[in-house]
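Chemist: Take this structure first; my questions come after.
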Amino acid sequence: MKVLVLNCGSSSLKFQVIETATAAAPGERDRKLARGLIERIGEKATCRFEATGSRPHAEEVFIRDHDEAVQKVLAWLDSNYRARLDGVGHRVVHGGDHFTTSVLIDEEVIAAIEALNELAPLHNPACLSGIRASQAALGPSVPMVAVFDTSFHHTLPDYASVYAIPYELSLRHGIRRYGFHGLAHRYVALRYAEITATPSDQVNIITLHLGNGCSASAIRGGKSVDTSMGFTPLEGLVMGTRSGDLDPAVVGHLARREGIDVAVVEKWLNEKSGLLGVSGRSNDMRELIEHAREDERAHLAIEIFCYRARKYLGAYLAALGGADAVVFSGGIGENSPHVRAKICEGMEWCGLEVDEERNAAVLGVEERISLPHARIHVYVIPSDEELLIARDTTSIIEKGRVDA
Ligand code: AMP
């Protein structure tokens with residue numbers, strides 16, 4: 001089945017066309033046929049598209065909104081890659097309490113996603129524009145599926161998801177820990193099960209998704225039982241520009257002392273903090289590692305980043321009562337032996353032992369990097385959210401056909 005995967009960010013649009021193996025042909029493999037990215041929607045945007053069998057395309061052009069961006073992608077796909085699409089899978093950031101699995105999109109689903117805009121004001125409206133624009137362009141004959149970044153974490157027990165604030169306030173405003181990056185954690189858990197031949201309901205692991213955004217997840221019996229991002233993707237680990245955990249009193253204190261609105265502080269915590277805020281240099285881990293020797297603050301930023309990740313490892317080992325493996329993913333997790341080694345440093349006490357040589361050799365590929373006898377193994381598994389979206393889209397469309 002040929003599936004277009006659309007991933008609309010606040011000012012970007014990523015896409016892939018994936019030919020998925022269908023249930024009817026179990027020996028088949030998924031094939032990636034095209035992909036691309038539009039950045040800086042709303043101004044002079046950069047577009048980069050590529051497809052198997054055609055020349056890569058790059059241009060800078062003004063793109064007004066997501067509607068226009070989707071039309072641009074579809075027009076390019078149409079002229080470079082004429083195959084008919086069987087379905088579209090949309091990544092939707094926030095599914096709230098409402099969506100615990102991926103769903104076929106209809107008017108009711110659209111209204112429910114719209115009702116969640118308040119919880120994800122930058123992201124859900126962009127996803128909705130992507131849904132509407134592709135519906136308008138492709139018509140009702142192409143089914144569409146919404147795949148949610150929060151739904152993998154709907155299994156969090158209430159003691160892990162409820163904040164210790166007045167309960168009525170939590171209820172009134174839908175405040176709880178929803179968790180994000182669900183597609184990345186779910187994909188990694190699935191792949192871990194496949195490569196270690198572990199039945200999926202016996203997967204007990206800690207996943208560390210470390211990219212520009214970072215989150216950890218504690219997975220028991222294949223289900224997420226805790227995760228570091230909470231009500232918003234600001235909580236938890238230190239990230240490229242986000243602070244992660246901090247004393248909530250800092251927000252009011254900064255607003256009063258600097259004489260600014262709370263919204264400005266929130267912006268600082270989201271956009272000017274994390275690796276960028278501490279180093280004053282960059283949100284890019286590669287650059288910080290490059291300059292850590294001569295730049296004390298770059299060094300400090302890396303130290304804080306790794307220390308906080310190690311604290312979460314310890315916390316999740318306690319939450320799970322031990323784990324079989326720790327899995328790294330994301331741009332940093334997949335590509336930085338230095339960061340992986342630093343996070344795992346001094347964890348031998350619990351049986352987590354990294355093989356230095358293997359760790360140094362593994363860049364962006366799926367591999368075990370722990371010593372053979374380690375009680376807790378360590379893996380690198382590059383995440384592939386788009387593939388999971390395409391597979392969910394295929395299985396929901398196929399199921400719909402069987403049910404109909
Ligand atoms: P992502 O958001 O998953 O694309 O990850 C982006 C992050 O991965 C940035 O901080 C990059 O600096 C980091 N990254 C990519 N390659 C490397 C590398 N070889 N070493 C360290 N960090 C890397």
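Labeling convention for the structure tokens: chains A, B, ... as they appear, residues from 1 per chain, ligands from 1 in order of appearance.
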Residues within 6 Å of ligand 1 (only C-alpha atoms and all ligand atoms), as a VMD selection string?
Modeler: chain A and resid 211 to 213 284 to 286 330 to 332 335 to 336
Chemist: For the residues in that selection, give me C-alpha atoms as an mmCIF file, in the first residue's frame.
Modeler:
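Here's the written file selection_11.cif:
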data_model
loop_
_atom_site.group_PDB
_atom_site.id
_atom_site.type_symbol
_atom_site.label_atom_id
_atom_site.label_comp_id
_atom_site.auth_asym_id
_atom_site.auth_seq_id
_atom_site.Cartn_x
_atom_site.Cartn_y
_atom_site.Cartn_z
ATOM 1 C CA GLY A 211 17.647 14.641 19.720
ATOM 2 C CA ASN A 212 16.955 18.344 19.697
ATOM 3 C CA GLY A 213 13.981 17.366 21.868
ATOM 4 C CA ASP A 284 23.744 21.614 18.702
ATOM 5 C CA MET A 285 25.434 18.825 20.646
ATOM 6 C CA ARG A 286 27.996 18.229 17.910
ATOM 7 C CA GLY A 330 17.544 10.374 18.297
ATOM 8 C CA GLY A 331 20.312 12.401 16.625
ATOM 9 C CA ILE A 332 22.468 12.496 19.765
ATOM 10 C CA ASN A 335 25.466 9.389 16.766
ATOM 11 C CA SER A 336 27.347 10.347 19.890
#
Chemist: May I have a table of the residues of region 170-266 of chain A lying at most 10 Å from region 383-403 of chain A, giving each one's closest pair of atoms and their distance in Å to one decimal, counting only C-alpha atoms, ordered by chain and ascending residue number, as a Markdown table?
Modeler:
| residue | atom | partner | partner_atom | distance |
| --- | --- | --- | --- | --- |
| A:His181 | CA | A:Glu385 | CA | 9.1 |
| A:Gly182 | CA | A:Glu385 | CA | 9.0 |
| A:Leu183 | CA | A:Glu385 | CA | 5.5 |
| A:Ala184 | CA | A:Ser383 | CA | 5.5 |
| A:His185 | CA | A:Ser383 | CA | 7.8 |
| A:Arg186 | CA | A:Leu388 | CA | 8.6 |
| A:Tyr187 | CA | A:Ser383 | CA | 6.2 |
| A:Val188 | CA | A:Ser383 | CA | 5.9 |
| A:Ala189 | CA | A:Ser383 | CA | 9.7 |
| A:Leu190 | CA | A:Leu388 | CA | 9.7 |
| A:Arg191 | CA | A:Ser383 | CA | 8.8 |
| A:His209 | CA | A:Ser383 | CA | 8.4 |
Chemist: So that each row is one residue of region 121-167 of chain A with an atom at most 9 Å from region 220-243 of chain A, can you give its shortest atom pair and the distance in Å to one decimal, using only C-alpha atoms, rows by chain and rising number, as a tab-separated table?
Modeler:
residue	atom	partner	partner_atom	distance
A:Phe152	CA	A:Ser224	CA	6.5
A:His153	CA	A:Ser224	CA	5.4
A:His154	CA	A:Ser224	CA	7.8
A:Thr155	CA	A:Ser224	CA	5.9
A:Leu156	CA	A:Val225	CA	4.4
A:Pro157	CA	A:Val225	CA	6.4
A:Ala160	CA	A:Asp226	CA	6.2
A:Ser161	CA	A:Gly230	CA	7.8
Chemist: Residues near Glu266 (chain A), anyone? I mean within 10 Å using only C-alpha atoms, not counting same-chain ones fewer than 5 positions away, as a list in words.
Modeler: Leu234, Arg242, Val251, Ala255, Asp261, Glu271 and Lys272 of chain A
Chemist: Work out how far CA of Cys47 (chain A) is from CA of Val61 (chain A), in Å to one decimal.
Modeler: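 Spanning CA of Val61 (chain A) to CA of Cys47 (chain A) is a straight-line distance of 7.8 Å.
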Chemist: Which of region 228-372 of chain A end up as alpha helix (DSSP H) when DSSP is run on this backbone - answer as JSON, numbers by chain?
Modeler: {"A": [249, 250, 251, 252, 253, 254, 255, 256, 257, 258, 262, 263, 264, 265, 266, 267, 268, 269, 270, 271, 274, 275, 276, 277, 278, 279, 285, 286, 287, 288, 289, 290, 291, 296, 297, 298, 299, 300, 301, 302, 303, 304, 305, 306, 307, 308, 309, 310, 311, 312, 313, 314, 315, 316, 317, 318, 319, 320, 330, 331, 332, 333, 334, 335, 337, 338, 339, 340, 341, 342, 343, 344, 356, 357, 358, 359, 360, 361]}
Chemist: Closest to Ser273 (chain A) among A:Phe305, A:Tyr192, A:Phe148, A:Tyr167, using only C-alpha atoms?
Modeler: A:Phe305
Chemist: Can you tell me how far CA of Gly42 (chain A) sits from CA of Asp65 (chain A), in Å to one decimal?
Modeler: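 So the answer is 5.5 Å.
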Chemist: For Tyr379 (chain A), please output as a list of chain:residue names all residues within 8 Å (counting only C-alpha atoms; exclusion window: fewer than 5 positions along the same chain).
Modeler: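 Residues meeting the cut-off are A:Ala325, A:Val326, A:Val327, A:Phe328, A:Glu366, A:Glu367, A:Arg368, A:Ile369, A:Ser370.
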Chemist: Using only C-alpha atoms, can you tell me which of A:Glu303, A:Glu28, A:Asp355, A:Asp86 comes closest to Pro143 (chain A)?
Modeler: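 The closest residue to Pro143 (chain A) is A:Asp86.
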Chemist: Give me the residues within 9 Å of region 7-23 of chain A as an NGL selection string, counting only C-alpha atoms and dropping any in the same chain fewer than 5 places off.
Modeler: :A and (1-2 or 28-42 or 45 or 49 or 51 or 65-66 or 69-70 or 73 or 85 or 89-93 or 121-130 or 386-387 or 390-391 or 394-395 or 398)
Chemist: Just to confirm, what's the straight-line distance from CA of Phe180 (chain A) to CA of Leu300 (chain A) in Å (one decimal)?
Modeler: 26.7 Å
Chemist: Could you write out, as a ChimeraX atom specification, all the residues of region 124-280 of chain A that DSSP marks as strand (DSSP E)?
Modeler: /A:144-148,205-210,214-220,223-227
Chemist: With C-alpha atoms kept, could you save the residues just selected as a tab-separated table (two decimals), in the first residue's frame?
Modeler:
chain	number	residue	atom	x	y	z
A	144	MET	CA	-6.57	9.39	6.09
A	145	VAL	CA	-5.37	8.24	9.49
A	146	ALA	CA	-4.31	10.27	12.52
A	147	VAL	CA	-1.40	8.88	14.55
A	148	PHE	CA	-0.82	10.57	17.90
A	205	ILE	CA	13.41	-1.45	28.83
A	206	ILE	CA	14.30	2.19	29.30
A	207	THR	CA	14.35	4.24	26.10
A	208	LEU	CA	16.35	7.44	25.84
A	209	HIS	CA	15.32	9.48	22.82
A	210	LEU	CA	17.97	12.20	22.58
A	214	CYS	CA	14.77	14.68	24.43
A	215	SER	CA	12.70	12.27	26.47
A	216	ALA	CA	13.04	9.04	28.41
A	217	SER	CA	10.45	6.33	28.78
A	218	ALA	CA	10.10	3.42	31.19
A	219	ILE	CA	8.54	0.49	29.34
A	220	ARG	CA	7.16	-2.54	31.16
A	223	LYS	CA	3.79	-0.52	27.58
A	224	SER	CA	4.89	2.94	28.65
A	225	VAL	CA	4.59	3.24	32.44
A	226	ASP	CA	6.47	6.49	32.84
A	227	THR	CA	7.97	9.14	30.62
Chemist: Tell me, as a list in words, which residues lie within 10 Å of region 343-351 of chain A, counting only C-alpha atoms; anything in the same chain fewer than 2 positions away does not count.
Modeler: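 Surrounding residues, per the criterion: Glu303, Phe305, Cys306, Tyr307, Arg308, Ala309, Arg310, Lys311, Leu313, Gly314, Leu317, Gly322, Ala323, Asp324, Val326, Pro337, His338, Val339, Arg340, Ala341, Glu353, Val354, Leu371, His373, Ala374, Arg375, Ile376, His377 and Val378 of chain A.
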Chemist: Go ahead and save the residues from that selection, with N, CA and C atoms, as a PDB file, in the first residue's frame.
Modeler:
ATOM      1  N   GLU A 303      27.853  18.270  30.540  1.00  0.00           N
ATOM      2  CA  GLU A 303      27.833  17.586  31.850  1.00  0.00           C
ATOM      3  C   GLU A 303      26.406  17.543  32.407  1.00  0.00           C
ATOM      4  N   PHE A 305      23.568  17.874  30.788  1.00  0.00           N
ATOM      5  CA  PHE A 305      22.742  17.043  29.897  1.00  0.00           C
ATOM      6  C   PHE A 305      22.882  15.560  30.275  1.00  0.00           C
ATOM      7  N   CYS A 306      24.121  15.108  30.404  1.00  0.00           N
ATOM      8  CA  CYS A 306      24.365  13.677  30.661  1.00  0.00           C
ATOM      9  C   CYS A 306      23.968  13.298  32.088  1.00  0.00           C
ATOM     10  N   TYR A 307      24.257  14.181  33.033  1.00  0.00           N
ATOM     11  CA  TYR A 307      23.916  13.886  34.435  1.00  0.00           C
ATOM     12  C   TYR A 307      22.407  13.719  34.599  1.00  0.00           C
ATOM     13  N   ARG A 308      21.665  14.624  33.979  1.00  0.00           N
ATOM     14  CA  ARG A 308      20.208  14.551  34.114  1.00  0.00           C
ATOM     15  C   ARG A 308      19.657  13.286  33.455  1.00  0.00           C
ATOM     16  N   ALA A 309      20.254  12.905  32.321  1.00  0.00           N
ATOM     17  CA  ALA A 309      19.799  11.671  31.660  1.00  0.00           C
ATOM     18  C   ALA A 309      20.097  10.479  32.566  1.00  0.00           C
ATOM     19  N   ARG A 310      21.279  10.488  33.223  1.00  0.00           N
ATOM     20  CA  ARG A 310      21.636   9.371  34.113  1.00  0.00           C
ATOM     21  C   ARG A 310      20.686   9.311  35.305  1.00  0.00           C
ATOM     22  N   LYS A 311      20.289  10.492  35.810  1.00  0.00           N
ATOM     23  CA  LYS A 311      19.323  10.502  36.927  1.00  0.00           C
ATOM     24  C   LYS A 311      18.010   9.828  36.515  1.00  0.00           C
ATOM     25  N   LEU A 313      17.702   7.562  34.213  1.00  0.00           N
ATOM     26  CA  LEU A 313      17.968   6.113  34.110  1.00  0.00           C
ATOM     27  C   LEU A 313      17.792   5.457  35.471  1.00  0.00           C
ATOM     28  N   GLY A 314      18.399   6.087  36.481  1.00  0.00           N
ATOM     29  CA  GLY A 314      18.304   5.547  37.841  1.00  0.00           C
ATOM     30  C   GLY A 314      16.857   5.523  38.315  1.00  0.00           C
ATOM     31  N   LEU A 317      14.970   2.778  36.542  1.00  0.00           N
ATOM     32  CA  LEU A 317      15.327   1.439  37.033  1.00  0.00           C
ATOM     33  C   LEU A 317      14.536   1.150  38.304  1.00  0.00           C
ATOM     34  N   GLY A 322      14.132  -2.674  37.859  1.00  0.00           N
ATOM     35  CA  GLY A 322      15.155  -3.267  36.987  1.00  0.00           C
ATOM     36  C   GLY A 322      14.662  -3.303  35.548  1.00  0.00           C
ATOM     37  N   ALA A 323      15.620  -3.436  34.626  1.00  0.00           N
ATOM     38  CA  ALA A 323      15.245  -3.477  33.203  1.00  0.00           C
ATOM     39  C   ALA A 323      16.212  -4.398  32.475  1.00  0.00           C
ATOM     40  N   ASP A 324      15.800  -4.860  31.292  1.00  0.00           N
ATOM     41  CA  ASP A 324      16.671  -5.733  30.504  1.00  0.00           C
ATOM     42  C   ASP A 324      17.644  -4.929  29.645  1.00  0.00           C
ATOM     43  N   VAL A 326      18.786  -0.695  28.035  1.00  0.00           N
ATOM     44  CA  VAL A 326      18.610   0.746  27.831  1.00  0.00           C
ATOM     45  C   VAL A 326      18.831   0.966  26.335  1.00  0.00           C
ATOM     46  N   PRO A 337      28.869   8.561  20.596  1.00  0.00           N
ATOM     47  CA  PRO A 337      29.431   7.615  21.565  1.00  0.00           C
ATOM     48  C   PRO A 337      29.836   8.340  22.852  1.00  0.00           C
ATOM     49  N   HIS A 338      30.320   9.578  22.722  1.00  0.00           N
ATOM     50  CA  HIS A 338      30.770  10.358  23.871  1.00  0.00           C
ATOM     51  C   HIS A 338      29.624  10.553  24.869  1.00  0.00           C
ATOM     52  N   VAL A 339      28.478  10.998  24.376  1.00  0.00           N
ATOM     53  CA  VAL A 339      27.335  11.244  25.265  1.00  0.00           C
ATOM     54  C   VAL A 339      26.820   9.922  25.840  1.00  0.00           C
ATOM     55  N   ARG A 340      26.733   8.893  25.011  1.00  0.00           N
ATOM     56  CA  ARG A 340      26.245   7.595  25.511  1.00  0.00           C
ATOM     57  C   ARG A 340      27.141   7.088  26.631  1.00  0.00           C
ATOM     58  N   ALA A 341      28.464   7.194  26.420  1.00  0.00           N
ATOM     59  CA  ALA A 341      29.402   6.698  27.443  1.00  0.00           C
ATOM     60  C   ALA A 341      29.262   7.502  28.731  1.00  0.00           C
ATOM     61  N   GLU A 353      26.808  -2.315  31.555  1.00  0.00           N
ATOM     62  CA  GLU A 353      28.224  -2.199  31.200  1.00  0.00           C
ATOM     63  C   GLU A 353      28.385  -2.000  29.700  1.00  0.00           C
ATOM     64  N   VAL A 354      28.878  -0.817  29.345  1.00  0.00           N
ATOM     65  CA  VAL A 354      29.054  -0.490  27.926  1.00  0.00           C
ATOM     66  C   VAL A 354      30.388  -1.043  27.437  1.00  0.00           C
ATOM     67  N   LEU A 371      28.638  -4.972  26.909  1.00  0.00           N
ATOM     68  CA  LEU A 371      29.460  -6.180  26.968  1.00  0.00           C
ATOM     69  C   LEU A 371      28.533  -7.404  26.931  1.00  0.00           C
ATOM     70  N   HIS A 373      28.271 -10.070  28.633  1.00  0.00           N
ATOM     71  CA  HIS A 373      27.758 -10.613  29.900  1.00  0.00           C
ATOM     72  C   HIS A 373      26.961  -9.574  30.712  1.00  0.00           C
ATOM     73  N   ALA A 374      26.785  -8.353  30.181  1.00  0.00           N
ATOM     74  CA  ALA A 374      26.111  -7.294  30.962  1.00  0.00           C
ATOM     75  C   ALA A 374      24.721  -7.765  31.400  1.00  0.00           C
ATOM     76  N   ARG A 375      24.327  -7.413  32.625  1.00  0.00           N
ATOM     77  CA  ARG A 375      22.972  -7.792  33.082  1.00  0.00           C
ATOM     78  C   ARG A 375      21.926  -6.857  32.489  1.00  0.00           C
ATOM     79  N   ILE A 376      22.342  -5.615  32.247  1.00  0.00           N
ATOM     80  CA  ILE A 376      21.453  -4.683  31.534  1.00  0.00           C
ATOM     81  C   ILE A 376      22.164  -4.314  30.231  1.00  0.00           C
ATOM     82  N   HIS A 377      21.580  -4.705  29.124  1.00  0.00           N
ATOM     83  CA  HIS A 377      22.234  -4.422  27.848  1.00  0.00           C
ATOM     84  C   HIS A 377      21.952  -2.989  27.397  1.00  0.00           C
ATOM     85  N   VAL A 378      22.789  -2.523  26.496  1.00  0.00           N
ATOM     86  CA  VAL A 378      22.608  -1.178  25.947  1.00  0.00           C
ATOM     87  C   VAL A 378      22.577  -1.298  24.422  1.00  0.00           C
TER      88      VAL A 378
END
Chemist: Using only C-alpha atoms, which residue out of A:Asp158, A:Glu334, A:Glu287, A:Glu294 lies closest to Asn359 (chain A)?
Modeler: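 Selected residue with least distance to Asn359 (chain A): A:Glu334.
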